[in-house]
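Trainee: Below is the structure I would like to discuss, written out as structure tokens.
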Amino acid sequence: MLKVNRNDERPIWQQLLDQAIHNITTGNWPPGELLLPSRELAALIGVSRSTIQIVYEELFSRGYTVTSRRGGTRVSSSIQVLRSLKEEPAPGPVPPLLPVVHESIAKLQSWFGDGDATQVDIDFNPHEPYLDETFTQSWRKSFLQVSAEPDLDIWSYGDARGFLPLREQIQRYLSLERGIHIEVDQILLTSGAQHSIDLITQALLTEGDRVSVEDPGFPAAWTTMRYRGMQIDAVPVDEQGLCVDRIHPDSKLAFVTPSHQCATGIIMSEPRRQQFMQLAGKRGMWIIEDDYDSEFRYRGDPIPTLFSQLPQNTLYMMSFSKMIAPGIRLSAIIGPQAAVERLTQIHELTYRHLPIMEQLTLNHFIERGQFMRHMRRVRNVYRRRHEVMTKAIHSSGLSSRFKLSGVETGLHMLLEADVSCDEAAITSAARRQGVCVYPLSKYCLESDRKGWVLGFAKVDEKRIEEGISRFARTVL
């Protein structure tokens, strides 16, 4: 029997409907059971007939009952009675085993440090830039101003290449700052380096193709391409950069960081660049040039990009993660028009387009001059911290035991140890001293090189001196 609870806030018809559905799905009203006529049931419960009619209409519309003029209303025979609540529920679908994914995620989490840096006083994080309230206030102003934009068309489906005014701003920046002169349609906006690499792999390679990566290098590059079914060849890096003569002859693509090698910080020498570009041109090999932090240079003139010298083979990746903040999740691929068109097709098919507010805000941030003011300010911060870090390493005696490299450009430098060094033990000892350092082995695919990648962007000058002093005490 259905009951009405006058203290229940739900409407009476909803109470009765919920009870009826429960009786049907648990088997209290079995399939085929004839329900009382609406007039009779209304009298038994003490409600209006119209209330019961609403309940019966809802049961019918949801497929719980069937009706006929002479047969009345019956529980549908197609209703499957739910198992007793005491029984173990049936398990849901089991996701397939994806060992490549598990391995890749574990590698990336280890590379980023698994969040353990929150347990230390001083974190020499090489992955993140300097941020402060000056930036957040400027960004907030840009965000609020573009949020008030009355043009409703910007909220419709956008260009898969990205917001055109923002691509035009990037075009100007690349021309002025990096000597890259391109058409705006050669720019495709993405949501980060891994997104860029994934698109390139899908659009320009075939499953099973060989790709060459620096070793040590950027783990996100080879983990992403390996997930897409590529054969990964680890190519050693020496004091001149990628060892070009070790690239497999069947390699279809090479991923490089020539302006500031990811991990070692080495700048690829000019002879090695020429050798590399000649090889790529001769073999018809794609180059991914990841230029992630070369905007911050402390010695000499800016290094020319591979793209500016071999544009037909090169896909140049720039990112705002180091220039501004990783949380913006905006980056760009610059390449030959035919390649960018193919990348755009894959992007449109799988992702459609990027969120508009971040693009509008970044465009306003650049257009109003806030971006270049931000860059001038953080360059001064980084120059001071770079100088303090370099001096602290030399004065502490660390440079007499370990090889210091990668000091010309970027936001990190390398202290390299002998391969016999117990890197893990020293890293743990430093952590016990409240200092987080990043082992070189985490950047290695097959290489056995040891050492520590030390970032200085997020650590102020006094903390840099203190952190290097503590680290030195653990190893000297």
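Each chain in the structure tokens gets a letter, A, B and so on, in the order shown; residues start at 1 in every chain, and ligands are counted from 1 in the order they appear.
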For segment 394-407 of chain A, find every residue with an atom within 10 Å (counting only C-alpha atoms), except residues of its own chain fewer than 5 positions away, and show them as a ChimeraX atom specification.
Mentor: /A:239,260-267,297-299,386-387,389,412-418,451-453,465,468-473,475-476
Trainee: Mind checking which residues fall within 12 Å of Met225 of chain A, counting only C-alpha atoms, ignoring those fewer than 4 positions away in the same chain, and posting them as a PyMOL selection string?
Mentor: chain A and resi 100-101+104+194-213+218-221+229-233+253-255
Trainee: Let me see the file: selected residues, N, CA and C atoms, as a CSV table (one decimal), in the first residue's frame.
Mentor:
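Final file, part_28.csv:
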```csv
chain,number,residue,atom,x,y,z
A,100,VAL,N,51.6,1.0,-20.7
A,100,VAL,CA,52.4,2.2,-21.2
A,100,VAL,C,51.9,3.5,-20.4
A,101,VAL,N,50.6,3.6,-20.2
A,101,VAL,CA,50.1,4.8,-19.5
A,101,VAL,C,50.6,4.8,-18.1
A,104,SER,N,54.2,5.7,-18.0
A,104,SER,CA,54.4,7.1,-18.3
A,104,SER,C,54.0,8.0,-17.2
A,194,GLN,N,52.8,19.0,-23.9
A,194,GLN,CA,52.3,17.7,-24.2
A,194,GLN,C,51.2,17.6,-25.2
A,195,HIS,N,50.3,18.6,-25.2
A,195,HIS,CA,49.2,18.7,-26.2
A,195,HIS,C,49.9,18.9,-27.5
A,196,SER,N,50.9,19.8,-27.6
A,196,SER,CA,51.5,20.0,-28.9
A,196,SER,C,52.2,18.7,-29.5
A,197,ILE,N,52.9,18.1,-28.6
A,197,ILE,CA,53.6,16.8,-29.0
A,197,ILE,C,52.6,15.8,-29.4
A,198,ASP,N,51.5,15.7,-28.7
A,198,ASP,CA,50.5,14.7,-29.0
A,198,ASP,C,49.9,15.0,-30.4
A,199,LEU,N,49.6,16.2,-30.7
A,199,LEU,CA,49.0,16.6,-32.0
A,199,LEU,C,50.0,16.3,-33.1
A,200,ILE,N,51.2,16.6,-32.9
A,200,ILE,CA,52.3,16.4,-33.9
A,200,ILE,C,52.4,14.9,-34.2
A,201,THR,N,52.4,14.1,-33.2
A,201,THR,CA,52.5,12.6,-33.3
A,201,THR,C,51.4,12.1,-34.1
A,202,GLN,N,50.2,12.5,-33.8
A,202,GLN,CA,49.0,12.0,-34.5
A,202,GLN,C,48.9,12.5,-35.9
A,203,ALA,N,49.3,13.7,-36.2
A,203,ALA,CA,49.1,14.3,-37.5
A,203,ALA,C,50.2,14.0,-38.5
A,204,LEU,N,51.5,13.8,-38.0
A,204,LEU,CA,52.6,13.7,-38.9
A,204,LEU,C,53.3,12.4,-38.9
A,205,LEU,N,53.0,11.5,-38.0
A,205,LEU,CA,53.6,10.2,-37.8
A,205,LEU,C,52.6,9.1,-37.9
A,206,THR,N,53.1,7.9,-38.1
A,206,THR,CA,52.3,6.7,-38.2
A,206,THR,C,52.7,5.8,-37.1
A,207,GLU,N,51.8,5.1,-36.5
A,207,GLU,CA,52.1,4.2,-35.4
A,207,GLU,C,53.2,3.2,-35.8
A,208,GLY,N,54.2,3.1,-34.9
A,208,GLY,CA,55.4,2.3,-35.2
A,208,GLY,C,56.6,3.1,-35.7
A,209,ASP,N,56.4,4.3,-36.1
A,209,ASP,CA,57.5,5.1,-36.6
A,209,ASP,C,58.6,5.3,-35.5
A,210,ARG,N,59.8,5.5,-36.0
A,210,ARG,CA,60.9,5.7,-35.0
A,210,ARG,C,61.1,7.2,-34.8
A,211,VAL,N,61.3,7.6,-33.6
A,211,VAL,CA,61.5,9.0,-33.2
A,211,VAL,C,62.7,9.1,-32.3
A,212,SER,N,63.5,10.1,-32.5
A,212,SER,CA,64.7,10.3,-31.7
A,212,SER,C,64.5,11.4,-30.6
A,213,VAL,N,65.0,11.1,-29.4
A,213,VAL,CA,64.8,12.1,-28.3
A,213,VAL,C,66.2,12.2,-27.6
A,218,PHE,N,63.6,15.6,-22.1
A,218,PHE,CA,62.3,16.0,-21.6
A,218,PHE,C,61.4,14.7,-21.5
A,219,PRO,N,61.1,14.2,-20.4
A,219,PRO,CA,60.4,12.9,-20.3
A,219,PRO,C,59.0,13.0,-20.9
A,220,ALA,N,58.3,14.2,-20.8
A,220,ALA,CA,57.0,14.3,-21.3
A,220,ALA,C,56.9,14.1,-22.8
A,221,ALA,N,58.1,14.3,-23.5
A,221,ALA,CA,58.1,14.2,-25.0
A,221,ALA,C,58.1,12.7,-25.3
A,229,GLY,N,52.3,5.0,-29.7
A,229,GLY,CA,52.8,3.8,-30.4
A,229,GLY,C,54.0,4.0,-31.2
A,230,MET,N,54.8,5.0,-30.9
A,230,MET,CA,56.1,5.3,-31.6
A,230,MET,C,57.2,4.5,-31.0
A,231,GLN,N,58.2,4.1,-31.8
A,231,GLN,CA,59.4,3.5,-31.3
A,231,GLN,C,60.4,4.7,-30.9
A,232,ILE,N,60.8,4.7,-29.6
A,232,ILE,CA,61.6,5.8,-29.1
A,232,ILE,C,63.1,5.4,-29.1
A,233,ASP,N,63.9,6.2,-29.7
A,233,ASP,CA,65.4,6.0,-29.7
A,233,ASP,C,66.0,7.1,-28.9
A,253,LEU,N,61.5,11.6,-37.0
A,253,LEU,CA,61.4,12.8,-36.2
A,253,LEU,C,62.4,12.9,-35.1
A,254,ALA,N,62.9,14.1,-34.8
A,254,ALA,CA,63.8,14.2,-33.7
A,254,ALA,C,63.3,15.4,-32.8
A,255,PHE,N,63.2,15.1,-31.5
A,255,PHE,CA,62.8,16.1,-30.6
A,255,PHE,C,64.0,16.7,-29.9
```
Trainee: What lies within 12 Å of segment 184-188 of chain A using only C-alpha atoms, ignoring chain neighbours under 2 positions off, as a PyMOL selection string?
Mentor: chain A and resi 159-175+180-182+190-192+195-196+199-200+311-312+314-319+330-348+353-354
Trainee: Kindly indicate which residue among A:Cys436, A:Leu108, A:Tyr292, A:Asn28 lies nearest to Pro326 of chain A, using only C-alpha atoms for the distances.
Mentor: A:Tyr292
Trainee: Kindly indicate which residue among A:Glu133, A:Glu57, A:Asp448, A:Asp245 lies nearest to Arg272 of chain A, using only C-alpha atoms for the distances.
Mentor: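 Nearest to Arg272 of chain A: A:Asp245.
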Trainee: State, in Å with one decimal place, the distance from atom CA of Ser50 of chain A to atom CA of Gly63 of chain A.
Mentor: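 So the answer is 20.0 Å.
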Trainee: Using backbone DSSP assignments, extract all strand (DSSP E) residues from segment 113-279 of chain A; output them as a VMD selection string.
Mentor: chain A and resid 122 to 123 187 to 190 210 to 215 231 to 238 241 to 242 251 to 256
Trainee: Would you please give, as a PyMOL selection string, all residues of segment 65-277 of chain A that DSSP assigns to alpha helix (DSSP H) based on the backbone?
Mentor: chain A and resi 99-112+133-147+164-173+193-204+219-227+270-277
Trainee: For atom CA of Val256 of chain A and atom CA of Val381 of chain A, determine how far apart the two atoms are, in Å to one decimal place.
Mentor: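 Pair atom CA of Val256 of chain A / atom CA of Val381 of chain A returns 27.3 Å.
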Trainee: Could you pull the residues within 9 Å of Pro126 of chain A, counting only C-alpha atoms, minus those fewer than 5 positions along the same chain, as a PyMOL selection string?
Mentor: chain A and resi 411-413+438+453-458
Trainee: With distances taken over only C-alpha atoms, which residue among A:Pro355, A:Glu408, A:Gln433, A:Val459 lies nearest Leu189 of chain A?
Mentor: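 Once distances to Leu189 of chain A are computed over only C-alpha atoms, the minimum belongs to A:Pro355.
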